[in-house]
Each structure stands twice: as structure tokens, then as C-alpha cells.
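Raw contents of structure-v3.cif, mmCIF, C-alpha atoms:
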data_protein
#
loop_
_atom_site.group_PDB
_atom_site.id
_atom_site.type_symbol
_atom_site.label_atom_id
_atom_site.label_comp_id
_atom_site.auth_asym_id
_atom_site.auth_seq_id
_atom_site.Cartn_x
_atom_site.Cartn_y
_atom_site.Cartn_z
ATOM 1 C CA MET A 23 32.865 0.526 17.978
ATOM 2 C CA THR A 24 29.561 0.225 19.772
ATOM 3 C CA ARG A 25 27.036 -1.525 17.564
ATOM 4 C CA ILE A 26 23.365 -0.615 17.746
ATOM 5 C CA GLY A 27 20.915 -2.702 15.745
ATOM 6 C CA VAL A 28 17.940 -1.120 13.989
ATOM 7 C CA VAL A 29 15.183 -3.545 12.986
ATOM 8 C CA THR A 30 13.344 -3.264 9.681
ATOM 9 C CA PHE A 31 9.928 -4.945 9.452
ATOM 10 C CA PRO A 32 7.817 -4.808 6.297
ATOM 11 C CA GLY A 33 6.127 -1.422 6.660
ATOM 12 C CA THR A 34 8.753 0.164 8.896
ATOM 13 C CA LEU A 35 9.290 3.812 7.938
ATOM 14 C CA ASP A 36 11.879 5.344 10.230
ATOM 15 C CA ASP A 37 14.673 2.790 10.124
ATOM 16 C CA ARG A 38 16.927 5.014 8.015
ATOM 17 C CA ASP A 39 16.407 8.056 10.243
ATOM 18 C CA THR A 40 17.093 5.883 13.270
ATOM 19 C CA GLN A 41 20.292 4.503 11.750
ATOM 20 C CA ARG A 42 21.358 8.067 11.023
ATOM 21 C CA ALA A 43 20.624 9.147 14.610
ATOM 22 C CA VAL A 44 22.756 6.271 15.876
ATOM 23 C CA ARG A 45 25.626 7.397 13.643
ATOM 24 C CA VAL A 46 25.229 11.060 14.631
ATOM 25 C CA ALA A 47 25.619 9.963 18.259
ATOM 26 C CA GLY A 48 28.855 8.187 17.344
ATOM 27 C CA ALA A 49 27.883 4.504 17.224
ATOM 28 C CA GLU A 50 27.727 2.028 14.365
ATOM 29 C CA ALA A 51 24.201 1.381 13.065
ATOM 30 C CA VAL A 52 23.593 -2.267 12.179
ATOM 31 C CA PRO A 53 20.529 -2.989 10.013
ATOM 32 C CA LEU A 54 18.571 -6.006 11.278
ATOM 33 C CA TRP A 55 15.959 -7.812 9.181
ATOM 34 C CA HIS A 56 12.663 -9.054 10.626
ATOM 35 C CA ARG A 57 13.104 -12.579 9.249
ATOM 36 C CA ASP A 58 16.571 -12.946 10.706
ATOM 37 C CA LYS A 59 16.927 -14.358 14.204
ATOM 38 C CA ASP A 60 20.587 -13.339 14.254
ATOM 39 C CA LEU A 61 21.189 -9.996 15.967
ATOM 40 C CA LYS A 62 24.725 -9.770 14.542
ATOM 41 C CA GLN A 63 26.268 -9.288 17.977
ATOM 42 C CA VAL A 64 24.818 -5.822 18.516
ATOM 43 C CA ASP A 65 25.023 -4.222 21.950
ATOM 44 C CA ALA A 66 21.522 -2.735 21.849
ATOM 45 C CA VAL A 67 18.473 -2.705 19.568
ATOM 46 C CA VAL A 68 16.099 0.034 18.419
ATOM 47 C CA LEU A 69 12.650 -0.858 17.082
ATOM 48 C CA PRO A 70 11.780 2.118 14.872
ATOM 49 C CA GLY A 71 8.475 3.671 13.885
ATOM 50 C CA GLY A 72 6.203 2.975 10.957
ATOM 51 C CA PHE A 73 3.318 0.649 10.211
ATOM 52 C CA SER A 74 4.859 -2.800 10.410
ATOM 53 C CA TYR A 75 2.718 -5.436 8.677
ATOM 54 C CA GLY A 76 0.303 -2.628 7.827
ATOM 55 C CA ASP A 77 -0.805 -2.463 11.486
ATOM 56 C CA TYR A 78 -3.022 -5.439 10.583
ATOM 57 C CA LEU A 79 -4.832 -7.051 13.511
ATOM 58 C CA ARG A 80 -3.389 -4.499 15.975
ATOM 59 C CA ALA A 81 -0.373 -2.219 15.703
ATOM 60 C CA GLY A 82 2.682 -4.341 16.490
ATOM 61 C CA ALA A 83 0.711 -7.572 16.921
ATOM 62 C CA ILE A 84 2.197 -9.455 13.973
ATOM 63 C CA SER A 85 5.724 -8.032 14.247
ATOM 64 C CA ARG A 86 5.848 -9.294 17.795
ATOM 65 C CA PHE A 87 5.939 -12.877 16.469
ATOM 66 C CA SER A 88 8.604 -12.260 13.808
ATOM 67 C CA PRO A 89 11.844 -14.265 14.006
ATOM 68 C CA VAL A 90 13.955 -11.238 14.961
ATOM 69 C CA MET A 91 11.654 -10.489 17.905
ATOM 70 C CA GLU A 92 12.160 -13.984 19.334
ATOM 71 C CA THR A 93 15.807 -13.114 19.881
ATOM 72 C CA VAL A 94 15.132 -9.504 20.893
ATOM 73 C CA ILE A 95 12.619 -10.595 23.559
ATOM 74 C CA GLU A 96 14.943 -13.255 24.918
ATOM 75 C CA GLN A 97 17.959 -10.925 25.083
ATOM 76 C CA ALA A 98 15.942 -7.986 26.439
ATOM 77 C CA ARG A 99 14.905 -10.228 29.335
ATOM 78 C CA GLY A 100 18.615 -10.878 29.828
ATOM 79 C CA GLY A 101 19.371 -7.154 30.069
ATOM 80 C CA MET A 102 20.123 -6.043 26.511
ATOM 81 C CA PRO A 103 18.995 -2.419 26.034
ATOM 82 C CA VAL A 104 16.001 -2.033 23.711
ATOM 83 C CA LEU A 105 14.313 1.207 22.654
ATOM 84 C CA GLY A 106 10.901 1.120 20.959
ATOM 85 C CA ILE A 107 9.824 4.271 19.156
ATOM 86 C CA CYS A 108 6.164 4.693 18.153
ATOM 87 C CA ASN A 109 5.393 1.455 16.284
ATOM 88 C CA GLY A 110 8.388 -0.005 18.149
ATOM 89 C CA PHE A 111 6.687 0.918 21.446
ATOM 90 C CA GLN A 112 3.553 -0.856 20.215
ATOM 91 C CA VAL A 113 5.677 -3.947 19.431
ATOM 92 C CA LEU A 114 7.125 -3.841 22.959
ATOM 93 C CA THR A 115 3.694 -3.750 24.620
ATOM 94 C CA GLU A 116 2.415 -6.516 22.350
ATOM 95 C CA SER A 117 5.525 -8.513 23.329
ATOM 96 C CA HIS A 118 4.726 -7.917 27.010
ATOM 97 C CA LEU A 119 8.218 -6.524 27.516
ATOM 98 C CA LEU A 120 6.359 -3.398 28.637
ATOM 99 C CA PRO A 121 2.935 -3.382 30.326
ATOM 100 C CA GLY A 122 -0.245 -1.867 28.898
ATOM 101 C CA ALA A 123 -1.409 -1.429 25.328
ATOM 102 C CA MET A 124 -1.795 1.235 22.662
ATOM 103 C CA LEU A 125 -5.200 2.175 21.275
ATOM 104 C CA ARG A 126 -6.624 4.455 18.590
ATOM 105 C CA ASN A 127 -6.200 8.148 19.486
ATOM 106 C CA GLU A 128 -9.144 9.518 21.434
ATOM 107 C CA SER A 129 -9.684 12.156 18.702
ATOM 108 C CA LEU A 130 -9.575 9.455 15.999
ATOM 109 C CA HIS A 131 -7.216 11.781 14.094
ATOM 110 C CA PHE A 132 -3.697 11.103 12.959
ATOM 111 C CA VAL A 133 -1.639 13.547 15.004
ATOM 112 C CA CYS A 134 1.591 15.084 13.697
ATOM 113 C CA ARG A 135 3.109 17.788 15.854
ATOM 114 C CA GLU A 136 6.064 19.071 17.746
ATOM 115 C CA GLN A 137 5.379 17.712 21.231
ATOM 116 C CA LYS A 138 6.630 19.005 24.548
ATOM 117 C CA LEU A 139 7.587 16.261 27.002
ATOM 118 C CA ARG A 140 8.910 16.035 30.499
ATOM 119 C CA VAL A 141 11.594 13.472 31.198
ATOM 120 C CA GLU A 142 10.332 11.778 34.362
ATOM 121 C CA ASN A 143 12.967 9.083 34.685
ATOM 122 C CA ALA A 144 16.558 9.928 33.767
ATOM 123 C CA GLY A 145 17.848 6.676 35.199
ATOM 124 C CA THR A 146 17.176 4.319 32.293
ATOM 125 C CA ALA A 147 19.697 3.067 29.757
ATOM 126 C CA TRP A 148 18.201 5.435 27.179
ATOM 127 C CA THR A 149 17.653 8.601 29.261
ATOM 128 C CA ALA A 150 20.790 9.046 31.383
ATOM 129 C CA ASP A 151 21.907 12.086 29.373
ATOM 130 C CA TYR A 152 18.768 13.957 30.437
ATOM 131 C CA SER A 153 17.940 15.203 33.900
ATOM 132 C CA ALA A 154 14.748 14.291 35.734
ATOM 133 C CA GLY A 155 12.164 17.008 35.143
ATOM 134 C CA GLN A 156 13.871 18.259 31.979
ATOM 135 C CA GLU A 157 11.467 19.523 29.305
ATOM 136 C CA ILE A 158 12.216 18.538 25.723
ATOM 137 C CA HIS A 159 10.549 18.962 22.320
ATOM 138 C CA ILE A 160 10.229 15.828 20.190
ATOM 139 C CA PRO A 161 8.221 15.279 16.985
ATOM 140 C CA LEU A 162 5.157 13.056 17.384
ATOM 141 C CA LYS A 163 3.164 11.352 14.605
ATOM 142 C CA ASN A 164 0.686 8.560 15.189
ATOM 143 C CA ILE A 165 -2.929 7.445 15.159
ATOM 144 C CA ASP A 166 -2.645 4.575 17.650
ATOM 145 C CA GLY A 167 -0.906 6.398 20.472
ATOM 146 C CA ARG A 168 -3.364 6.228 23.365
ATOM 147 C CA TYR A 169 -1.483 4.471 26.126
ATOM 148 C CA THR A 170 -3.866 2.330 28.156
ATOM 149 C CA ALA A 171 -3.438 0.099 31.184
ATOM 150 C CA ASP A 172 -5.569 -0.851 34.158
ATOM 151 C CA GLU A 173 -5.461 1.363 37.251
ATOM 152 C CA ARG A 174 -3.356 -1.097 39.214
ATOM 153 C CA THR A 175 -0.704 -1.180 36.481
ATOM 154 C CA LEU A 176 -0.730 2.626 36.220
ATOM 155 C CA ASP A 177 -0.323 2.976 39.980
ATOM 156 C CA MET A 178 2.547 0.485 39.902
ATOM 157 C CA LEU A 179 4.280 2.377 37.068
ATOM 158 C CA GLU A 180 3.942 5.658 38.991
ATOM 159 C CA ALA A 181 5.111 4.151 42.283
ATOM 160 C CA GLU A 182 8.171 2.538 40.700
ATOM 161 C CA GLY A 183 9.115 5.624 38.688
ATOM 162 C CA ARG A 184 8.528 3.764 35.453
ATOM 163 C CA VAL A 185 6.668 6.552 33.670
ATOM 164 C CA ALA A 186 9.694 7.715 31.683
ATOM 165 C CA PHE A 187 8.074 10.592 29.744
ATOM 166 C CA ARG A 188 4.895 12.585 30.116
ATOM 167 C CA TYR A 189 3.137 14.853 27.613
ATOM 168 C CA LEU A 190 3.171 18.537 28.594
ATOM 169 C CA ASP A 191 0.656 21.243 27.613
ATOM 170 C CA VAL A 192 -1.298 18.945 25.282
ATOM 171 C CA ASN A 193 -2.194 15.288 25.639
ATOM 172 C CA PRO A 194 -2.208 14.476 21.910
ATOM 173 C CA ASN A 195 -3.877 11.079 21.972
ATOM 174 C CA GLY A 196 -5.787 10.652 25.222
ATOM 175 C CA SER A 197 -3.078 8.569 26.891
ATOM 176 C CA GLN A 198 -3.865 7.743 30.485
ATOM 177 C CA ARG A 199 -2.088 10.003 32.969
ATOM 178 C CA ASP A 200 -0.445 11.842 30.040
ATOM 179 C CA ILE A 201 1.978 8.948 29.585
ATOM 180 C CA ALA A 202 4.259 9.347 26.549
ATOM 181 C CA GLY A 203 6.729 6.593 27.394
ATOM 182 C CA ILE A 204 7.536 3.964 30.005
ATOM 183 C CA THR A 205 10.391 1.724 31.050
ATOM 184 C CA ASN A 206 10.601 -1.833 32.337
ATOM 185 C CA GLU A 207 11.657 -2.536 35.895
ATOM 186 C CA ALA A 208 15.350 -2.969 35.031
ATOM 187 C CA GLY A 209 15.485 0.223 32.939
ATOM 188 C CA ASN A 210 16.950 -1.482 29.855
ATOM 189 C CA VAL A 211 13.696 -1.546 27.856
ATOM 190 C CA VAL A 212 12.114 1.834 27.083
ATOM 191 C CA GLY A 213 9.216 2.663 24.769
ATOM 192 C CA LEU A 214 7.731 5.998 23.761
ATOM 193 C CA MET A 215 5.401 7.343 21.098
ATOM 194 C CA PRO A 216 7.346 10.518 20.099
ATOM 195 C CA HIS A 217 10.263 10.217 17.671
ATOM 196 C CA PRO A 218 13.646 11.254 19.107
ATOM 197 C CA GLU A 219 15.411 10.086 15.922
ATOM 198 C CA HIS A 220 13.792 13.016 14.088
ATOM 199 C CA ALA A 221 15.399 15.532 16.453
ATOM 200 C CA VAL A 222 19.133 14.949 16.317
ATOM 201 C CA GLU A 223 20.291 17.785 14.083
ATOM 202 C CA PRO A 224 19.840 21.554 14.575
ATOM 203 C CA LEU A 225 18.854 22.050 10.940
ATOM 204 C CA ILE A 226 15.532 20.271 11.315
ATOM 205 C CA GLY A 227 12.619 21.964 13.054
ATOM 206 C CA THR A 228 12.385 23.695 16.387
ATOM 207 C CA ALA A 229 13.019 20.452 18.219
ATOM 208 C CA GLY A 230 16.699 20.876 17.341
ATOM 209 C CA THR A 231 18.739 18.163 18.960
ATOM 210 C CA ASP A 232 16.491 17.332 21.920
ATOM 211 C CA GLY A 233 16.265 13.721 20.749
ATOM 212 C CA LEU A 234 19.977 13.079 20.501
ATOM 213 C CA GLY A 235 20.207 12.301 24.228
ATOM 214 C CA PHE A 236 18.548 8.922 23.737
ATOM 215 C CA PHE A 237 21.363 7.797 21.486
ATOM 216 C CA THR A 238 24.219 9.398 23.428
ATOM 217 C CA SER A 239 22.795 7.943 26.672
ATOM 218 C CA ILE A 240 22.961 4.394 25.397
ATOM 219 C CA LEU A 241 26.364 4.931 23.823
ATOM 220 C CA LYS A 242 27.876 6.170 27.094
ATOM 221 C CA LYS A 243 26.306 3.316 29.016
ATOM 222 C CA LEU A 244 27.663 0.702 26.613
ATOM 223 C CA VAL A 245 31.122 2.248 26.447
ATOM 224 C CA ALA A 246 31.290 2.406 30.238
ATOM 225 C CA ALA A 247 30.149 -1.226 30.573
ATOM 226 C CA MET B 5 -15.556 -27.793 6.889
ATOM 227 C CA ALA B 6 -16.735 -26.441 10.206
ATOM 228 C CA ARG B 7 -16.577 -22.775 10.954
ATOM 229 C CA VAL B 8 -15.545 -21.375 14.306
ATOM 230 C CA VAL B 9 -16.196 -17.713 15.054
ATOM 231 C CA VAL B 10 -14.006 -15.677 17.384
ATOM 232 C CA ASP B 11 -15.459 -12.331 18.449
ATOM 233 C CA VAL B 12 -13.057 -9.813 19.949
ATOM 234 C CA MET B 13 -14.362 -6.777 21.815
ATOM 235 C CA LEU B 14 -12.676 -4.021 23.769
ATOM 236 C CA LYS B 15 -13.162 -4.564 27.483
ATOM 237 C CA PRO B 16 -16.149 -2.628 28.848
ATOM 238 C CA GLU B 17 -13.956 -0.201 30.786
ATOM 239 C CA ILE B 18 -11.855 0.729 27.735
ATOM 240 C CA LEU B 19 -12.893 3.905 25.903
ATOM 241 C CA ASP B 20 -14.001 3.134 22.323
ATOM 242 C CA PRO B 21 -13.929 6.412 20.351
ATOM 243 C CA GLN B 22 -14.719 4.592 17.089
ATOM 244 C CA GLY B 23 -17.928 3.191 18.559
ATOM 245 C CA GLN B 24 -18.776 6.637 19.928
ATOM 246 C CA ALA B 25 -18.275 8.222 16.497
ATOM 247 C CA VAL B 26 -20.649 5.663 14.969
ATOM 248 C CA GLN B 27 -23.214 6.242 17.742
ATOM 249 C CA ARG B 28 -23.077 10.023 17.273
ATOM 250 C CA ALA B 29 -23.624 9.694 13.521
ATOM 251 C CA LEU B 30 -26.802 7.626 13.890
ATOM 252 C CA PRO B 31 -29.372 10.351 14.781
ATOM 253 C CA ARG B 32 -28.149 12.446 11.867
ATOM 254 C CA LEU B 33 -28.977 9.517 9.579
ATOM 255 C CA GLY B 34 -32.418 9.106 11.096
ATOM 256 C CA PHE B 35 -31.617 6.117 13.302
ATOM 257 C CA GLU B 36 -32.897 7.088 16.741
ATOM 258 C CA GLY B 37 -32.817 5.311 20.061
ATOM 259 C CA ILE B 38 -29.317 3.821 20.095
ATOM 260 C CA ALA B 39 -27.780 4.676 23.444
ATOM 261 C CA ASP B 40 -24.314 3.209 22.875
ATOM 262 C CA VAL B 41 -22.202 1.495 20.199
ATOM 263 C CA ARG B 42 -19.127 -0.641 20.766
ATOM 264 C CA GLN B 43 -17.062 -1.730 17.779
ATOM 265 C CA GLY B 44 -15.234 -5.051 17.683
ATOM 266 C CA LYS B 45 -13.646 -7.645 15.410
ATOM 267 C CA ARG B 46 -14.995 -10.953 14.153
ATOM 268 C CA PHE B 47 -12.750 -13.758 12.915
ATOM 269 C CA GLU B 48 -14.224 -16.661 10.933
ATOM 270 C CA LEU B 49 -12.000 -19.719 11.052
ATOM 271 C CA GLU B 50 -12.547 -22.601 8.613
ATOM 272 C CA VAL B 51 -11.332 -25.594 10.572
ATOM 273 C CA GLU B 52 -9.889 -28.695 8.950
ATOM 274 C CA GLY B 53 -11.035 -31.866 10.711
ATOM 275 C CA PRO B 54 -13.428 -32.225 13.618
ATOM 276 C CA VAL B 55 -14.186 -29.315 15.923
ATOM 277 C CA ASP B 56 -13.799 -31.233 19.161
ATOM 278 C CA ASP B 57 -12.773 -30.039 22.605
ATOM 279 C CA ALA B 58 -9.101 -30.256 21.679
ATOM 280 C CA ALA B 59 -9.583 -28.142 18.548
ATOM 281 C CA LEU B 60 -11.580 -25.551 20.485
ATOM 282 C CA ALA B 61 -8.907 -25.445 23.176
ATOM 283 C CA ARG B 62 -6.290 -24.702 20.510
ATOM 284 C CA ILE B 63 -8.477 -21.943 19.066
ATOM 285 C CA ARG B 64 -8.913 -20.410 22.519
ATOM 286 C CA GLU B 65 -5.143 -20.474 22.892
ATOM 287 C CA MET B 66 -4.812 -18.791 19.479
ATOM 288 C CA ALA B 67 -7.299 -16.103 20.492
ATOM 289 C CA GLU B 68 -5.556 -15.545 23.808
ATOM 290 C CA THR B 69 -2.053 -15.183 22.355
ATOM 291 C CA PHE B 70 -2.726 -13.571 18.979
ATOM 292 C CA LEU B 71 -6.241 -12.660 17.849
ATOM 293 C CA ALA B 72 -6.971 -10.663 21.004
ATOM 294 C CA ASN B 73 -4.764 -8.564 23.219
ATOM 295 C CA THR B 74 -6.172 -9.534 26.600
ATOM 296 C CA VAL B 75 -4.748 -6.394 28.194
ATOM 297 C CA ILE B 76 -7.500 -4.428 26.448
ATOM 298 C CA GLU B 77 -9.796 -6.969 24.794
ATOM 299 C CA ASP B 78 -12.132 -9.867 25.672
ATOM 300 C CA PHE B 79 -12.951 -12.662 23.256
ATOM 301 C CA THR B 80 -15.550 -15.388 22.786
ATOM 302 C CA VAL B 81 -15.213 -18.594 20.755
ATOM 303 C CA ARG B 82 -18.225 -20.428 19.279
ATOM 304 C CA VAL B 83 -18.938 -22.998 16.603
ATOM 305 C CA ASP B 84 -20.985 -21.482 13.780
ATOM 306 C CA GLY B 85 -23.855 -23.896 13.083
ATOM 307 C CA SER B 86 -25.284 -21.936 10.175
ATOM 308 C CA GLY B 87 -22.539 -22.939 7.728
ATOM 309 C CA SER B 88 -22.613 -25.725 5.118
#
Could you render the structure from this file as C-alpha cells?
Amino acid sequence: MTRIGVVTFPGTLDDRDTQRAVRVAGAEAVPLWHRDKDLKQVDAVVLPGGFSYGDYLRAGAISRFSPVMETVIEQARGGMPVLGICNGFQVLTESHLLPGAMLRNESLHFVCREQKLRVENAGTAWTADYSAGQEIHIPLKNIDGRYTADERTLDMLEAEGRVAFRYLDVNPNGSQRDIAGITNEAGNVVGLMPHPEHAVEPLIGTAGTDGLGFFTSILKKLVAA
Amino acid sequence: MARVVVDVMLKPEILDPQGQAVQRALPRLGFEGIADVRQGKRFELEVEGPVDDAALARIREMAETFLANTVIEDFTVRVDGSGS
């Protein structure tokens, strides 16, 4: 069975929901602990949302140097698929696996809403089950969600098709160019602020199962590999 | 022990809504004439041993890799002479 690791840092909140989403998609969820360098031979890793290390210093800044991240960074550079959700996205930018940085929301408010997104890149390891241009609804909840990078980096991301998701209708946090999520050059590392793991079952909210595609995408890719 | 101070500030081109919120609150409190406020972080490091060039180089490395995120922030390192 395909094994997908879900990392728990001190202060992580959404590890259980993420494990559940992995199981709903049909894979085995493997809990990974921040102090453990061993990834237990997983095929992919998800860094879930929350407030790891209390967001002290900067969101994701301390987690980035945890033992588990040493291995995640090394293997991600070697092609292992990694998805960072919310705080996980912040960890990925702090790790320099993804360019740019996340700052306090322009409104200074914590934002919690059902967010409409457009899938801009359906060619990554985590988005293949969507189609380019598809509009999806995914829950969003953060206070440090303002994606920021210099103009040259933004132009590069646009030119290379590496803006994976864009906010539609409302830009909830002042992110530059309405960016909700990005991918690395190889397409194995993806980060986004909205929470697909909260939208995998029809019972919960209007988002329904719009988030399930992240987890079925990676499963199909790994099974095919 | 010698104290070294690392100041971390958002780069000038980065929007600082927290600083703006502080600036907007000032006139209401009777503090006029402040055109702009930028908010940053200050780290006070108590250094064991001499603060020589090598120690300062290590602290700059620490600031570069950890205390500041140089994608969005600038930092300065200085020895605090006012301490004991």
C-alpha cells in the first residue's frame, strides 16, 4: 500500500485531518514525528497546518531546522513528493524548497472562510486529478498568509507556470498576484495556504470533496511509478 | 559578558501593515507628526567569551540563516557598549 507520511511538530493542528484525508483517498497514513529523522520509508510527505513551535520567530522558521525536516529537505531535492498546507507551506518557504515568504495578512485579521480558487497548474504531483483552470472551493484559515516575493521571482513563477493556485473573487490576505499556492520547478513540492484536507467528505461544508484531488493525485502518481 | 544586538527589519519595499496600524493610531492618542512607522525585531545576545571578528562573523551567519529571513528582512549586527 502506498505510504504517505504526515509530520507532527509541536503546535501542529491538522495532522489528524490530514491523515484521515490520506486514508479517504485510499493510501496508508504514516505519522512522522518532528524529532525523528527517519521517514519510515514513506513515498511522499505532507506538512500539515497549525502553529508549529507557536509560530515563534516567524511561522515555520523553527520547524524548518527540526530533525525530520533535514531528511524531508534532502529527499524533496531528490524528487520525493512533498505537500505543505498552510503552516506546512510556511515551512517550505523557510526551507527554501519553495521561493518567497509568508507575511502577516494585509488586514491584520485572522481569516477563516470558504475560499474559491483556480487551479493554474494541473501538472504537479499533487494536482494531476484537477484540470487547468478548474475552480474549486477549499477552506482557508490563517493570519500569516500573505505570499510575498520580489518582482523577478514572481515573474519567473508566472513564466514557468509555477503559480499552482490563485485566489478567485476575494484575495483574503493580500498575497501578491492573488497567489494561493506554488510549486517547485520539478513539480514534486507544492505549497498552498488553503486546507484541502478539510474538504474530502461531502458531509462537511459547501466545499464538499474539492480537496480530495490532492490526495488522489499523489496516490495515482505513486501507484503508476 | 558582552552583549551583541541584532536588529531585524522588513525590507523597505515590503508592506508592513502592523507598522501602518501603529502609525494610524498615533494621532488619535495625541501624537502628531509621525509620517511612517515600521515595526521590527530586536535580539539581544549575551555572548560568552570575547566578541572578536570571528564571534561577530558567527553571529552574522546566525542572523542570515535563522534570526532573519533575508527574502523579506534586512538585519544589522552591533556590539552593545552600554551593558555591564
Any idea which chain A residues end up within 10 Å of chain B if we count all atoms listed in the file, as a ChimeraX atom specification please? /A:79-80,83-84,86-87,115-116,118,121-130,170-172,196
Just say which residues the PyMOL selection byres ((chain A and resi 147-157) around 9) picks in this file, as an MDAnalysis selection string. chainID A and resid 103:105 138:146 158:159 186 190 209:212 235:244
Could you give me the axis-aligned bounding box of stretch 44-53 of chain A, with 6 Å of padding per side, as centre plus edge lengths in Å to one decimal, as AutoDock Vina command-line options?
--center_x 24.7 --center_y 4.0 --center_z 14.1 --size_x 20.3 --size_y 26.0 --size_z 20.2
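We find atom CA of A:Gln41 and atom CA of A:Glu219 to be spaced 8.5 Å apart.
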Give me the result of the PyMOL selection byres ((chain B and resi 53-68) around 9) on this file, residue by residue, as a PyMOL selection string. chain B and resi 5-8+10+12+51-52+69-74+78-83
Restricting the output to C-alpha atoms, write the selected residues as an mmCIF file, keeping the file's coordinate frame.
data_model
loop_
_atom_site.group_PDB
_atom_site.id
_atom_site.type_symbol
_atom_site.label_atom_id
_atom_site.label_comp_id
_atom_site.auth_asym_id
_atom_site.auth_seq_id
_atom_site.Cartn_x
_atom_site.Cartn_y
_atom_site.Cartn_z
ATOM 1 C CA MET B 5 -15.556 -27.793 6.889
ATOM 2 C CA ALA B 6 -16.735 -26.441 10.206
ATOM 3 C CA ARG B 7 -16.577 -22.775 10.954
ATOM 4 C CA VAL B 8 -15.545 -21.375 14.306
ATOM 5 C CA VAL B 10 -14.006 -15.677 17.384
ATOM 6 C CA VAL B 12 -13.057 -9.813 19.949
ATOM 7 C CA VAL B 51 -11.332 -25.594 10.572
ATOM 8 C CA GLU B 52 -9.889 -28.695 8.950
ATOM 9 C CA THR B 69 -2.053 -15.183 22.355
ATOM 10 C CA PHE B 70 -2.726 -13.571 18.979
ATOM 11 C CA LEU B 71 -6.241 -12.660 17.849
ATOM 12 C CA ALA B 72 -6.971 -10.663 21.004
ATOM 13 C CA ASN B 73 -4.764 -8.564 23.219
ATOM 14 C CA THR B 74 -6.172 -9.534 26.600
ATOM 15 C CA ASP B 78 -12.132 -9.867 25.672
ATOM 16 C CA PHE B 79 -12.951 -12.662 23.256
ATOM 17 C CA THR B 80 -15.550 -15.388 22.786
ATOM 18 C CA VAL B 81 -15.213 -18.594 20.755
ATOM 19 C CA ARG B 82 -18.225 -20.428 19.279
ATOM 20 C CA VAL B 83 -18.938 -22.998 16.603
#
Work out how far apart atom CA of A:Asn109 and atom CA of A:Gly72 are and give it in Å to one decimal. 5.6 Å
Quick one, how far is atom CA of A:Gly110 from atom CA of B:Gln24? 28.0 Å
Distance query 12 Å from (13.3, -1.6, 17.0) using all atoms listed in the file, result as a PyMOL selection string: chain A and resi 26-31+34-38+40-41+51-56+61+66-72+74+82+85-86+90-91+94-95+98+103-114+211-214+219
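Residue nearest A:Ile160, chosen from A:Leu119, A:Ala247, A:Val222, A:Ile201 and counting all atoms listed in the file: A:Val222.
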